[in-house]
Amino acid sequence: MKTLSLCVIVKDEELTLERLLSTATSFADEIVVVDTGSTDKSKQIAQKYANVYDFLWIDDFSAARNYAIELCTCDLVIWLDADDVVPQETVKKINELKLDFDCDMVIMPYETGNLRFYRERIFLNDGSHFFKGEVHEAIELKGKIKRLECPVIHDKKKSGDPMRNLRILKKVYASRPLNDRELFYYASELYFTGSSDARSELWRFIKFYGSYSQKGQAAVYLSYLLKNETDVRLALGEGAAHINSADIYTLIGESYMREKQYRHAKNSYLQATVADEQIVFPVPERQNYLPYIRLCKCYWHLGNKQAAKYYNELALGIKPNDPYALSNSRLFD
């Protein structure tokens with residue numbers, strides 16, 4: 001059986017820290033908390049459960065997280081944020097994993113808002129796994145990777161500084177060229193903060209930089225900024241040229257639906273149902289339920305009631321209690 005260290009970096013997290021640490025005692029053999037300058041009761045809370053260390057904040061999340069990793073002494077390390085929630089089923093799966101850990105790294109679903117994507121979460125404490133990137137930091141996936149299908153849920157209880165990430169990226173940009181991943185987040189942060197430069201930077205990123213999944217995500221963000229439906233579809237089409245994504249085809253379908261172009265919308269939603277690649281932050285509803293329920297409507301308006309019923313039943317298979325799909329069912333009785 002492997003032992004497991006939890007490492008957490010915190011600053012003013014008194015609202016959620018105890019929730020995390022009290023749960024962590026059920027799966028972690030050691031808890032390391034690195035405080036980057038709290039002025040609330042975070043350190044006092046942490047001291048009840050963890051070894052607590054101070055780290056001078058230098059606008060570098062990787063530096064803080066890597067310091068925490070270096071302090072861990074167990075066979076394995078898991079990293080979490082103070083406002084994460086670890087459900088009991090996930091606790092159970094982590095403890096089972098400790099009994100037979102046969103890989104280098106474990107990735108797990110991360111659920112935040114309406115998004116669900118995978119993050120590197122547990123890894124061998126062998127000195128080879130460290131975070132990179134001053135912000136939007138990540139550990140490189142390498143070695144034997146195992147997927148554990150149980151989520152960590154991000155449940156923030158307070159608002160942070162909305163400009164922090166962009167401020168750090170601009171600071172980095174002033175000191176050295178950004179790599180493709182950093183350019184993706186730079187353009188994304190311009191979008192999230194409402195910058196007037198967001199459109200041009202997103203277009204530039206799609207044209208010249210990034211992985212296919214990043215290009216697709218950038219196209220989605222760009223489409224949100226556009227008002228004219230033709231422009232929306234043009235932006236999403238740039239994304240679709242790079243990645244076969246349900247999110248992108250569903251959004252193209254939504255654009256056609258707003259114009260009541262049901263035949264074009266139907267074709268886009270059908271493409272969404274067979275798309276086999278994902279953008280960086282896929283929305284689960286766009287992978288199945290939303291295309292199905294929209295196909296029901298499209299086929300209804302196109303006069304094909306049998307196909308409409310079929311896709312409504314598929315939507316109910318995803319969301320059995322969905323009031324919209326249940327209401328549709330009465331039309332087919």
# chains A, B, ... in the order shown; residues from 1 in each chain; ligands from 1

call {"tool": "closest_atom_pairs", "arguments": {"of": "range 138-257 of chain A", "to": "range 59-75 of chain A", "cutoff": "12 Å", "atoms": "only C-alpha atoms", "output": "JSON lines"}}
result
{"residue": "A:Ala138", "atom": "CA", "partner": "A:Ser62", "partner_atom": "CA", "distance": 7.9}
{"residue": "A:Ile139", "atom": "CA", "partner": "A:Ser62", "partner_atom": "CA", "distance": 9.2}
{"residue": "A:Arg164", "atom": "CA", "partner": "A:Asp59", "partner_atom": "CA", "distance": 9.0}
{"residue": "A:Asn165", "atom": "CA", "partner": "A:Asp59", "partner_atom": "CA", "distance": 9.2}
{"residue": "A:Leu166", "atom": "CA", "partner": "A:Asp59", "partner_atom": "CA", "distance": 11.2}
{"residue": "A:Arg167", "atom": "CA", "partner": "A:Asp59", "partner_atom": "CA", "distance": 9.2}
{"residue": "A:Ile168", "atom": "CA", "partner": "A:Asp59", "partner_atom": "CA", "distance": 6.3}
{"residue": "A:Leu169", "atom": "CA", "partner": "A:Asp59", "partner_atom": "CA", "distance": 9.5}
{"residue": "A:Lys170", "atom": "CA", "partner": "A:Asp59", "partner_atom": "CA", "distance": 11.2}
{"residue": "A:Lys171", "atom": "CA", "partner": "A:Asp59", "partner_atom": "CA", "distance": 9.0}
{"residue": "A:Val172", "atom": "CA", "partner": "A:Asp59", "partner_atom": "CA", "distance": 9.5}

call {"tool": "closest_residue", "arguments": {"among": "A:Lys157, A:Asp104, A:Glu201, A:Phe332", "to": "Gln306 in chain A", "atoms": "only C-alpha atoms"}}
result
A:Phe332

call {"tool": "residues_around", "arguments": {"residues": "Asn51 in chain A", "least_positions_apart": "3", "cutoff": "9 Å", "atoms": "only C-alpha atoms", "output": "VMD selection string"}}
result
chain A and resid 30 to 34 46 to 48

call {"tool": "residues_around", "arguments": {"residues": "Lys146 in chain A", "least_positions_apart": "2", "cutoff": "8 Å", "atoms": "only C-alpha atoms", "output": "CSV table (one decimal) with N, CA and C atoms, in the first residue's frame"}}
result
chain,number,residue,atom,x,y,z
A,103,CYS,N,1.0,3.0,-11.7
A,103,CYS,CA,1.3,4.0,-12.8
A,103,CYS,C,2.2,5.1,-12.3
A,104,ASP,N,2.4,6.1,-13.2
A,104,ASP,CA,3.2,7.2,-12.8
A,104,ASP,C,2.3,8.4,-12.4
A,105,MET,N,1.2,8.5,-13.0
A,105,MET,CA,0.3,9.6,-12.7
A,105,MET,C,-1.2,9.2,-13.0
A,106,VAL,N,-2.0,9.9,-12.2
A,106,VAL,CA,-3.5,9.7,-12.3
A,106,VAL,C,-4.2,11.0,-12.7
A,107,ILE,N,-5.0,10.9,-13.8
A,107,ILE,CA,-5.8,12.1,-14.1
A,107,ILE,C,-7.2,11.8,-13.7
A,144,LYS,N,3.4,6.3,-17.4
A,144,LYS,CA,2.2,5.6,-17.5
A,144,LYS,C,1.1,6.4,-16.8
A,148,LEU,N,-8.9,7.9,-13.5
A,148,LEU,CA,-9.7,7.5,-12.4
A,148,LEU,C,-11.0,8.3,-12.6

call {"tool": "closest_atom_pairs", "arguments": {"of": "range 137-169 of chain A", "to": "range 83-92 of chain A", "cutoff": "6 Å", "atoms": "only C-alpha atoms", "output": "JSON lines"}}
result
{"residue": "A:Cys150", "atom": "CA", "partner": "A:Thr90", "partner_atom": "CA", "distance": 5.2}
{"residue": "A:Val152", "atom": "CA", "partner": "A:Val86", "partner_atom": "CA", "distance": 5.2}
{"residue": "A:Ile153", "atom": "CA", "partner": "A:Val85", "partner_atom": "CA", "distance": 5.0}
{"residue": "A:His154", "atom": "CA", "partner": "A:Asp84", "partner_atom": "CA", "distance": 4.5}
{"residue": "A:Asp155", "atom": "CA", "partner": "A:Asp83", "partner_atom": "CA", "distance": 5.6}
{"residue": "A:Lys156", "atom": "CA", "partner": "A:Asp83", "partner_atom": "CA", "distance": 5.3}

call {"tool": "write_last_selection", "arguments": {"atoms": "N, CA and C atoms", "output": "tab-separated table (two decimals), in the first residue's frame"}}
result
chain	number	residue	atom	x	y	z
A	150	CYS	N	-13.63	9.49	-11.12
A	150	CYS	CA	-14.37	10.06	-9.98
A	150	CYS	C	-13.91	11.51	-9.84
A	152	VAL	N	-13.25	15.58	-8.73
A	152	VAL	CA	-13.02	16.63	-7.74
A	152	VAL	C	-13.88	17.80	-8.19
A	153	ILE	N	-14.56	18.44	-7.25
A	153	ILE	CA	-15.50	19.51	-7.59
A	153	ILE	C	-14.99	20.83	-7.03
A	154	HIS	N	-14.93	21.82	-7.90
A	154	HIS	CA	-14.50	23.16	-7.50
A	154	HIS	C	-15.73	23.93	-7.02
A	155	ASP	N	-15.71	24.35	-5.76
A	155	ASP	CA	-16.87	25.02	-5.16
A	155	ASP	C	-16.41	26.26	-4.42
A	156	LYS	N	-16.22	27.32	-5.18
A	156	LYS	CA	-15.69	28.57	-4.64
A	156	LYS	C	-16.77	29.30	-3.84

call {"tool": "residues_around", "arguments": {"residues": "Leu225 in chain A", "least_positions_apart": "5", "cutoff": "10 Å", "atoms": "only C-alpha atoms", "output": "list in words"}}
result
Tyr191, Gly194, Ala198, Arg199, Val220, Asp231 and Val232 of chain A

call {"tool": "write_last_selection", "arguments": {"atoms": "N, CA and C atoms", "output": "mmCIF file, in the first residue's frame"}}
result
data_model
loop_
_atom_site.group_PDB
_atom_site.id
_atom_site.type_symbol
_atom_site.label_atom_id
_atom_site.label_comp_id
_atom_site.auth_asym_id
_atom_site.auth_seq_id
_atom_site.Cartn_x
_atom_site.Cartn_y
_atom_site.Cartn_z
ATOM 1 N N TYR A 191 -10.433 37.781 -22.952
ATOM 2 C CA TYR A 191 -11.871 37.556 -23.128
ATOM 3 C C TYR A 191 -12.609 37.646 -21.799
ATOM 4 N N GLY A 194 -13.020 41.132 -20.378
ATOM 5 C CA GLY A 194 -13.716 42.110 -21.198
ATOM 6 C C GLY A 194 -12.814 43.092 -21.921
ATOM 7 N N ALA A 198 -9.524 41.451 -26.950
ATOM 8 C CA ALA A 198 -9.834 40.016 -26.931
ATOM 9 C C ALA A 198 -10.082 39.462 -28.330
ATOM 10 N N ARG A 199 -10.890 40.156 -29.121
ATOM 11 C CA ARG A 199 -11.216 39.634 -30.455
ATOM 12 C C ARG A 199 -9.970 39.427 -31.302
ATOM 13 N N VAL A 220 -14.570 29.187 -29.744
ATOM 14 C CA VAL A 220 -15.794 29.272 -28.936
ATOM 15 C C VAL A 220 -15.849 30.609 -28.204
ATOM 16 N N ASP A 231 -21.041 35.978 -38.669
ATOM 17 C CA ASP A 231 -19.714 36.100 -38.063
ATOM 18 C C ASP A 231 -19.499 35.026 -36.998
ATOM 19 N N VAL A 232 -20.567 34.736 -36.245
ATOM 20 C CA VAL A 232 -20.484 33.683 -35.226
ATOM 21 C C VAL A 232 -20.106 32.362 -35.884
#

call {"tool": "select_by_dssp", "arguments": {"residues": "range 131-332 of chain A", "states": "alpha helix (DSSP H)", "output": "ChimeraX atom specification"}}
result
/A:164-175,180-192,198-208,212-225,229-240,246-258,262-274,284-287,289-301,305-318,323-332

call {"tool": "closest_residue", "arguments": {"among": "A:Asp100, A:Glu313, A:Gln217, A:Val280", "to": "Leu326 in chain A", "atoms": "only C-alpha atoms"}}
result
A:Glu313
